[in-house]
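J.: One file: query-v5.txt (compact mmCIF, C-alpha atoms and all ligand atoms).
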# COMPACT_ATOMS: atom_id res chain seq x y z
CA MET A 1 -4.19 -8.64 9.91
CA ARG A 2 -0.48 -8.52 10.66
CA ILE A 3 2.05 -6.82 8.37
CA ASP A 4 5.81 -7.19 8.89
CA ILE A 5 7.90 -4.69 6.95
CA ILE A 6 11.62 -5.37 6.45
CA THR A 7 13.64 -2.24 5.71
CA ILE A 8 17.01 -0.61 6.28
CA PHE A 9 15.20 2.68 7.10
CA PRO A 10 12.40 1.92 9.60
CA GLU A 11 12.48 5.54 10.78
CA MET A 12 11.44 6.66 7.29
CA ILE A 13 7.92 5.21 7.70
CA GLU A 14 7.53 4.78 11.46
CA GLY A 15 5.68 8.07 11.90
CA PHE A 16 3.39 7.27 9.01
CA PHE A 17 2.10 4.13 10.72
CA ASN A 18 1.67 5.94 14.04
CA THR A 19 -0.68 8.55 12.62
CA SER A 20 -4.39 8.87 11.86
CA ILE A 21 -6.39 5.91 10.55
CA LEU A 22 -3.50 3.43 10.52
CA LYS A 23 -2.77 4.21 14.15
CA ARG A 24 -6.44 3.82 15.03
CA ALA A 25 -6.61 0.49 13.19
CA GLN A 26 -3.73 -0.76 15.34
CA ASN A 27 -5.20 0.63 18.56
CA LYS A 28 -8.49 -1.11 17.77
CA GLY A 29 -6.61 -4.40 17.27
CA LEU A 30 -7.67 -4.62 13.62
CA ALA A 31 -4.12 -4.41 12.27
CA GLU A 32 -0.62 -5.00 13.60
CA ILE A 33 2.27 -3.37 11.76
CA HIS A 34 5.82 -4.34 12.72
CA LEU A 35 8.92 -2.70 11.30
CA HIS A 36 12.14 -4.72 11.23
CA ASN A 37 15.53 -3.14 10.72
CA LEU A 38 17.34 -5.42 8.28
CA ARG A 39 20.68 -4.45 9.79
CA ASP A 40 19.66 -6.25 13.00
CA TRP A 41 19.82 -9.50 11.00
CA THR A 42 23.32 -9.23 9.60
CA LEU A 43 26.20 -11.18 11.13
CA ASP A 44 28.66 -8.63 9.76
CA LYS A 45 30.24 -6.47 12.49
CA HIS A 46 29.71 -3.35 10.36
CA ARG A 47 26.04 -4.31 9.88
CA ARG A 48 26.50 -4.34 6.12
CA VAL A 49 23.57 -5.52 4.06
CA ASP A 50 24.95 -4.99 0.54
CA ASP A 51 27.89 -6.04 -1.62
CA TYR A 52 29.32 -5.54 -5.11
CA PRO A 53 27.44 -7.27 -7.95
CA PHE A 54 28.98 -10.32 -9.64
CA GLY A 55 29.86 -9.47 -13.24
CA GLY A 56 31.32 -6.08 -12.41
CA SER A 57 28.40 -3.75 -13.20
CA ALA A 58 27.89 -0.51 -11.27
CA GLY A 59 25.99 -0.17 -7.96
CA MET A 60 25.51 -2.38 -4.94
CA VAL A 61 23.22 -5.36 -4.40
CA MET A 62 21.38 -6.34 -1.21
CA GLN A 63 22.71 -9.66 0.11
CA ILE A 64 20.69 -12.81 0.67
CA GLU A 65 21.76 -13.71 4.18
CA PRO A 66 20.28 -10.94 6.37
CA ILE A 67 17.03 -11.03 4.39
CA ASP A 68 16.78 -14.82 4.62
CA ARG A 69 17.56 -14.76 8.34
CA CYS A 70 14.89 -12.13 9.03
CA ILE A 71 12.21 -13.82 6.90
CA SER A 72 13.02 -17.26 8.36
CA ALA A 73 12.73 -15.94 11.93
CA LEU A 74 9.32 -14.44 11.13
CA LYS A 75 8.15 -17.64 9.45
CA GLU A 76 9.10 -19.62 12.53
CA GLU A 77 6.59 -17.58 14.52
CA ARG A 78 3.59 -17.84 12.18
CA GLU A 79 2.47 -18.72 8.68
CA TYR A 80 2.54 -15.96 6.08
CA ASP A 81 0.10 -15.67 3.18
CA ASP A 82 2.59 -13.77 1.05
CA VAL A 83 6.12 -12.44 1.11
CA ILE A 84 5.89 -9.29 -1.00
CA PHE A 85 8.83 -7.49 -2.60
CA LEU A 86 8.18 -3.86 -3.53
CA THR A 87 9.82 -3.24 -6.88
CA PRO A 88 9.19 -1.09 -9.97
CA ASP A 89 9.15 -4.23 -12.15
CA GLY A 90 6.40 -5.92 -10.11
CA GLU A 91 2.67 -6.22 -10.80
CA THR A 92 1.11 -2.76 -10.78
CA LEU A 93 -0.95 -2.12 -7.65
CA THR A 94 -4.68 -1.75 -8.38
CA GLN A 95 -7.79 -1.71 -6.17
CA PRO A 96 -8.67 -5.36 -7.01
CA LEU A 97 -5.19 -6.43 -5.85
CA VAL A 98 -5.58 -4.30 -2.69
CA ASN A 99 -8.97 -5.95 -2.03
CA THR A 100 -7.46 -9.43 -2.38
CA LEU A 101 -4.56 -8.64 -0.04
CA SER A 102 -6.86 -7.12 2.59
CA LEU A 103 -8.38 -10.58 3.11
CA LYS A 104 -5.02 -12.07 4.16
CA ASN A 105 -3.93 -12.66 7.74
CA ASN A 106 -0.16 -12.24 7.67
CA LEU A 107 1.96 -10.42 5.11
CA ILE A 108 5.68 -9.69 4.89
CA MET A 109 6.77 -6.67 2.83
CA LEU A 110 10.41 -6.39 1.81
CA CYS A 111 11.79 -2.96 0.84
CA GLY A 112 14.67 -2.95 -1.62
CA HIS A 113 17.51 -0.45 -2.00
CA PHE A 114 20.62 0.18 -4.07
CA LYS A 115 20.71 -1.52 -7.47
CA GLY A 116 18.38 -4.27 -6.25
CA ILE A 117 18.32 -7.47 -4.23
CA ASP A 118 20.18 -10.70 -5.01
CA TYR A 119 17.89 -12.37 -7.53
CA ARG A 120 17.87 -15.66 -5.60
CA ILE A 121 15.77 -13.94 -2.91
CA ARG A 122 13.14 -13.24 -5.56
CA GLU A 123 13.34 -16.81 -6.85
CA HIS A 124 13.18 -18.61 -3.51
CA LEU A 125 11.65 -16.38 -0.83
CA ILE A 126 9.35 -13.85 -2.51
CA THR A 127 5.81 -14.92 -3.46
CA LYS A 128 4.54 -11.62 -4.92
CA GLU A 129 6.24 -8.61 -6.49
CA ILE A 130 4.34 -5.32 -6.48
CA SER A 131 5.00 -1.92 -8.06
CA ILE A 132 3.05 1.20 -7.06
CA GLY A 133 3.52 2.76 -10.49
CA ASP A 134 5.78 3.25 -13.48
CA TYR A 135 8.37 5.46 -11.82
CA VAL A 136 11.37 4.69 -9.64
CA LEU A 137 11.64 5.62 -5.96
CA THR A 138 14.87 5.66 -3.95
CA GLY A 139 13.70 2.55 -2.09
CA GLY A 140 10.69 0.38 -1.36
CA GLU A 141 9.67 2.10 1.91
CA LEU A 142 7.18 4.57 0.47
CA ALA A 143 5.77 1.81 -1.73
CA ALA A 144 5.33 -0.45 1.33
CA ALA A 145 3.62 2.43 3.16
CA VAL A 146 1.26 2.98 0.22
CA LEU A 147 0.49 -0.73 -0.01
CA ALA A 148 -0.07 -1.18 3.74
CA ASP A 149 -2.24 1.95 3.90
CA SER A 150 -4.44 0.88 0.99
CA VAL A 151 -4.86 -2.64 2.40
CA VAL A 152 -5.49 -1.71 6.06
CA ARG A 153 -8.03 1.05 5.40
CA ILE A 154 -10.52 -1.38 3.83
CA ILE A 155 -10.41 -3.93 6.64
CA PRO A 156 -13.99 -3.90 8.01
CA GLY A 157 -14.19 -1.61 11.05
CA VAL A 158 -11.09 0.46 10.25
CA ILE A 159 -13.06 3.27 8.64
CA SER A 160 -16.07 3.90 10.84
CA ASP A 161 -18.53 4.29 7.99
CA GLU A 162 -17.88 1.05 6.10
CA GLN A 163 -19.87 2.37 3.20
CA SER A 164 -17.28 5.05 2.73
CA ALA A 165 -14.54 2.54 1.80
CA LEU A 166 -16.88 0.69 -0.55
CA SER A 167 -17.76 3.89 -2.42
CA ASP A 168 -14.12 4.88 -3.03
CA SER A 169 -12.87 5.66 -6.47
CA PHE A 170 -11.88 2.44 -8.30
CA GLN A 171 -14.25 0.14 -6.40
CA ASP A 172 -16.60 -0.75 -9.33
CA ASN A 173 -14.15 0.85 -11.78
CA LEU A 174 -15.79 4.25 -11.27
CA LEU A 175 -14.18 7.43 -9.95
CA ALA A 176 -15.91 8.85 -6.87
CA PRO A 177 -18.55 11.59 -7.35
CA PRO A 178 -17.82 15.11 -6.05
CA VAL A 179 -18.54 15.76 -2.36
CA TYR A 180 -19.46 19.01 -0.57
CA THR A 181 -19.98 20.28 2.99
CA ARG A 182 -21.21 23.41 4.75
CA PRO A 183 -21.63 26.23 3.93
CA ALA A 184 -24.08 25.59 1.09
CA GLU A 185 -22.87 28.80 -0.54
CA TYR A 186 -19.42 30.39 -0.30
CA LYS A 187 -18.39 33.50 -2.27
CA GLY A 188 -21.36 32.73 -4.51
CA TRP A 189 -20.06 29.20 -5.22
CA LYS A 190 -23.05 26.93 -4.70
CA VAL A 191 -23.49 23.29 -3.79
CA PRO A 192 -25.64 21.48 -6.43
CA ASP A 193 -29.33 21.92 -5.49
CA ILE A 194 -30.03 18.19 -5.65
CA LEU A 195 -27.78 17.54 -2.62
CA LEU A 196 -29.89 19.91 -0.52
CA SER A 197 -33.21 18.47 -1.74
CA GLY A 198 -33.41 15.73 0.89
CA HIS A 199 -34.55 13.34 -1.85
CA GLU A 200 -32.41 10.27 -1.05
CA ALA A 201 -33.10 8.20 -4.19
CA LYS A 202 -32.57 11.14 -6.55
CA ILE A 203 -29.34 12.04 -4.77
CA ARG A 204 -27.97 8.47 -5.18
CA ASP A 205 -28.91 8.62 -8.90
CA TRP A 206 -27.16 11.95 -9.28
CA GLU A 207 -24.00 10.61 -7.57
CA LEU A 208 -23.91 7.60 -9.85
CA GLN A 209 -24.37 9.76 -12.90
CA GLN A 210 -21.58 12.10 -11.73
CA ALA A 211 -19.29 9.15 -11.06
CA PHE A 212 -19.97 7.87 -14.56
CA GLU A 213 -19.44 11.28 -16.23
CA ARG A 214 -16.20 11.92 -14.34
CA THR A 215 -14.90 8.46 -15.23
CA LYS A 216 -15.85 8.94 -18.91
CA GLN A 217 -14.03 12.26 -18.97
CA LEU A 218 -10.96 11.53 -16.82
CA ARG A 219 -10.39 7.75 -17.02
CA PRO A 220 -12.30 6.28 -19.99
CA ASP A 221 -10.01 3.21 -19.79
CA LEU A 222 -11.76 2.20 -16.53
CA LEU A 223 -15.15 1.95 -18.30
CA GLU A 224 -13.71 -0.55 -20.78
CA LYS A 225 -12.90 -3.00 -17.95
N1 LIG A 301 10.87 0.72 -5.36
C1 LIG A 301 11.33 1.73 -6.14
N2 LIG A 301 10.40 2.18 -6.96
C2 LIG A 301 9.27 1.44 -6.71
C3 LIG A 301 7.96 1.44 -7.26
N3 LIG A 301 7.59 2.25 -8.24
N4 LIG A 301 7.08 0.54 -6.76
C4 LIG A 301 7.45 -0.31 -5.77
N5 LIG A 301 8.66 -0.35 -5.24
C5 LIG A 301 9.58 0.52 -5.69
Do you think you could lay out the structure here as structure tokens?

T.:
Amino acid sequence: MRIDIITIFPEMIEGFFNTSILKRAQNKGLAEIHLHNLRDWTLDKHRRVDDYPFGGSAGMVMQIEPIDRCISALKEEREYDDVIFLTPDGETLTQPLVNTLSLKNNLIMLCGHFKGIDYRIREHLITKEISIGDYVLTGGELAAAVLADSVVRIIPGVISDEQSALSDSFQDNLLAPPVYTRPAEYKGWKVPDILLSGHEAKIRDWELQQAFERTKQLRPDLLEK
């Protein structure tokens, strides 16, 4: 999978993509993540990417031209499955949406700033609008990082134990069961006996029951789905 992220602050998320599992995914050739500085696509000598809004309201709006030029150049190189705009008024990101996107080959993610982007970009160039939650960030960069992280980590082979991605919270609409590691007892705090029993089938049953109980208690809305 290839992800192209268009942003005015590539340095904000560069380190994120060069760390840990996302870095490994790229080193293994399972994912390619390219950051594009939008200012490289402006024809303006001051590298401006925004202008005053028509109608006289407050704030600045990101202009069409640099965004169109950048997206067009990318599209000349390959076909894209989706051009995603990260925005608080988009479709809320959920695990099923992440699963769907992880099957794609090429994605563009556009990060907005200021008061927003010229609406014609959304009408003519964007194919999907995604929000990472009902709160407003200073820009789309962290949202693009969240989206790319969630999508790349479930590509087969990225996490060494594939089972571990499939048993995440939200796959199957259940929260994950509690997990423990050595020591089996610390300051008198004990690991549940069942996990030390060596009885594989009973352990799986216990985990499922725990997942169900935790979901019922913490996120009953998931059980209604
Ligand atoms: N940009 C600003 N806030 C955002 C959010 N909640 N989701 C996606 N993009 C955003």

J.: Considering only C-alpha atoms, can you say which of A:Val151, A:Leu43, A:Ala201, A:Ile67 comes closest to Leu93 of chain A?

T.: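 For Leu93 of chain A, the nearest of the given residues is A:Val151.
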
J.: Check which residues fall inside 9 Å of ligand LIG 301 (chain A) when counting all atoms listed in the file, and print them as a PyMOL selection string.

T.: chain A and resi 85-90+92-93+111-113+129-144

J.: Show which residues sit within 12 Å of segment 25-31 of chain A, as a PyMOL selection string. Count all atoms listed in the file, and ignore same-chain residues fewer than 3 positions away.

T.: chain A and resi 1-4+17-22+34+102-107+148-149+151-160

J.: What's around segment 49-55 of chain A at 9 Å? Count only C-alpha atoms, leave out sequence neighbours fewer than 2 positions away in its own chain, and write the answer as a list of chain:residue names.

T.: A:Ile8, A:Leu38, A:Arg39, A:Trp41, A:Thr42, A:Asp44, A:Arg47, A:Ser57, A:Ala58, A:Gly59, A:Met60, A:Val61, A:Met62, A:Gln63, A:Ile64, A:Glu65, A:Pro66, A:Ile67, A:Phe114, A:Lys115, A:Ile117, A:Asp118

J.: Write to file, as an mmCIF file, in the coordinates of the input, the residues of the selection just made, with C-alpha atoms.

T.:
data_model
loop_
_atom_site.group_PDB
_atom_site.id
_atom_site.type_symbol
_atom_site.label_atom_id
_atom_site.label_comp_id
_atom_site.auth_asym_id
_atom_site.auth_seq_id
_atom_site.Cartn_x
_atom_site.Cartn_y
_atom_site.Cartn_z
ATOM 1 C CA ILE A 8 17.010 -0.610 6.280
ATOM 2 C CA LEU A 38 17.340 -5.420 8.280
ATOM 3 C CA ARG A 39 20.680 -4.450 9.790
ATOM 4 C CA TRP A 41 19.820 -9.500 11.000
ATOM 5 C CA THR A 42 23.320 -9.230 9.600
ATOM 6 C CA ASP A 44 28.660 -8.630 9.760
ATOM 7 C CA ARG A 47 26.040 -4.310 9.880
ATOM 8 C CA SER A 57 28.400 -3.750 -13.200
ATOM 9 C CA ALA A 58 27.890 -0.510 -11.270
ATOM 10 C CA GLY A 59 25.990 -0.170 -7.960
ATOM 11 C CA MET A 60 25.510 -2.380 -4.940
ATOM 12 C CA VAL A 61 23.220 -5.360 -4.400
ATOM 13 C CA MET A 62 21.380 -6.340 -1.210
ATOM 14 C CA GLN A 63 22.710 -9.660 0.110
ATOM 15 C CA ILE A 64 20.690 -12.810 0.670
ATOM 16 C CA GLU A 65 21.760 -13.710 4.180
ATOM 17 C CA PRO A 66 20.280 -10.940 6.370
ATOM 18 C CA ILE A 67 17.030 -11.030 4.390
ATOM 19 C CA PHE A 114 20.620 0.180 -4.070
ATOM 20 C CA LYS A 115 20.710 -1.520 -7.470
ATOM 21 C CA ILE A 117 18.320 -7.470 -4.230
ATOM 22 C CA ASP A 118 20.180 -10.700 -5.010
#

J.: Rounded to one decimal, what separation in Å do you get between atom CA of Ile126 of chain A and atom CA of Ile84 of chain A?

T.: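 Computed distance, atom CA of Ile126 of chain A to atom CA of Ile84 of chain A, equals 5.9 Å.
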
J.: Record the distance separating atom CA of Glu14 of chain A and atom CA of Asn99 of chain A, expressed in Å with one decimal.

T.: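 Distance between the two atoms: 23.9 Å.
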
J.: For atom CA of Ile121 of chain A and atom CA of Arg69 of chain A, quote the distance in Å rounded to one decimal.

T.: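 Interatomic distance, atom CA of Ile121 of chain A to atom CA of Arg69 of chain A: 11.4 Å.
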
J.: Which residue gives the smallest distance to Ile33 of chain A among A:Leu175, A:Leu222, A:Leu125, A:Ile13, with all atoms listed in the file counted?

T.: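 Selected residue with least distance to Ile33 of chain A: A:Ile13.
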
J.: Of the residues A:Leu208, A:Gln217, A:Ile5, A:Pro177, which is the one nearest to Glu32 of chain A, using all atoms listed in the file?

T.: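 Nearest candidate to Glu32 of chain A out of A:Leu208, A:Gln217, A:Ile5, A:Pro177: A:Ile5.
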
J.: Looking at A:Ile203, A:Leu101, A:Leu35, A:Ala184, which one is nearest to Glu11 of chain A, with distances taken over only C-alpha atoms?

T.: A:Leu35

J.: Here is a test: counting only C-alpha atoms, which residue of A:Leu110, A:Gln210, A:His46, A:Asp205 is nearest to Val179 of chain A?

T.: A:Gln210

J.: Taking all atoms listed in the file into account, name the residue in A:Gln95, A:Ser169, A:Gln209, A:Thr127 that is nearest to Val83 of chain A.

T.: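 Of A:Gln95, A:Ser169, A:Gln209, A:Thr127, the one nearest Val83 of chain A is A:Thr127, counting all atoms listed in the file.
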
J.: Mind checking which residues fall within 10 Å of Ile194 of chain A, counting only C-alpha atoms, ignoring those fewer than 6 positions away in the same chain, and posting them as an NGL selection string?

T.: :A and (200 or 202-204 or 206-207)

J.: Just need the box for segment 66-79 of chain A, edges along x, y and z, holding every atom the file lists for it with 5 Å tacked onto each side, so centre and edge lengths in Å to one decimal, as AutoDock Vina command-line options.

T.:
--center_x 11.4 --center_y -15.3 --center_z 9.5 --size_x 27.8 --size_y 18.7 --size_z 20.1
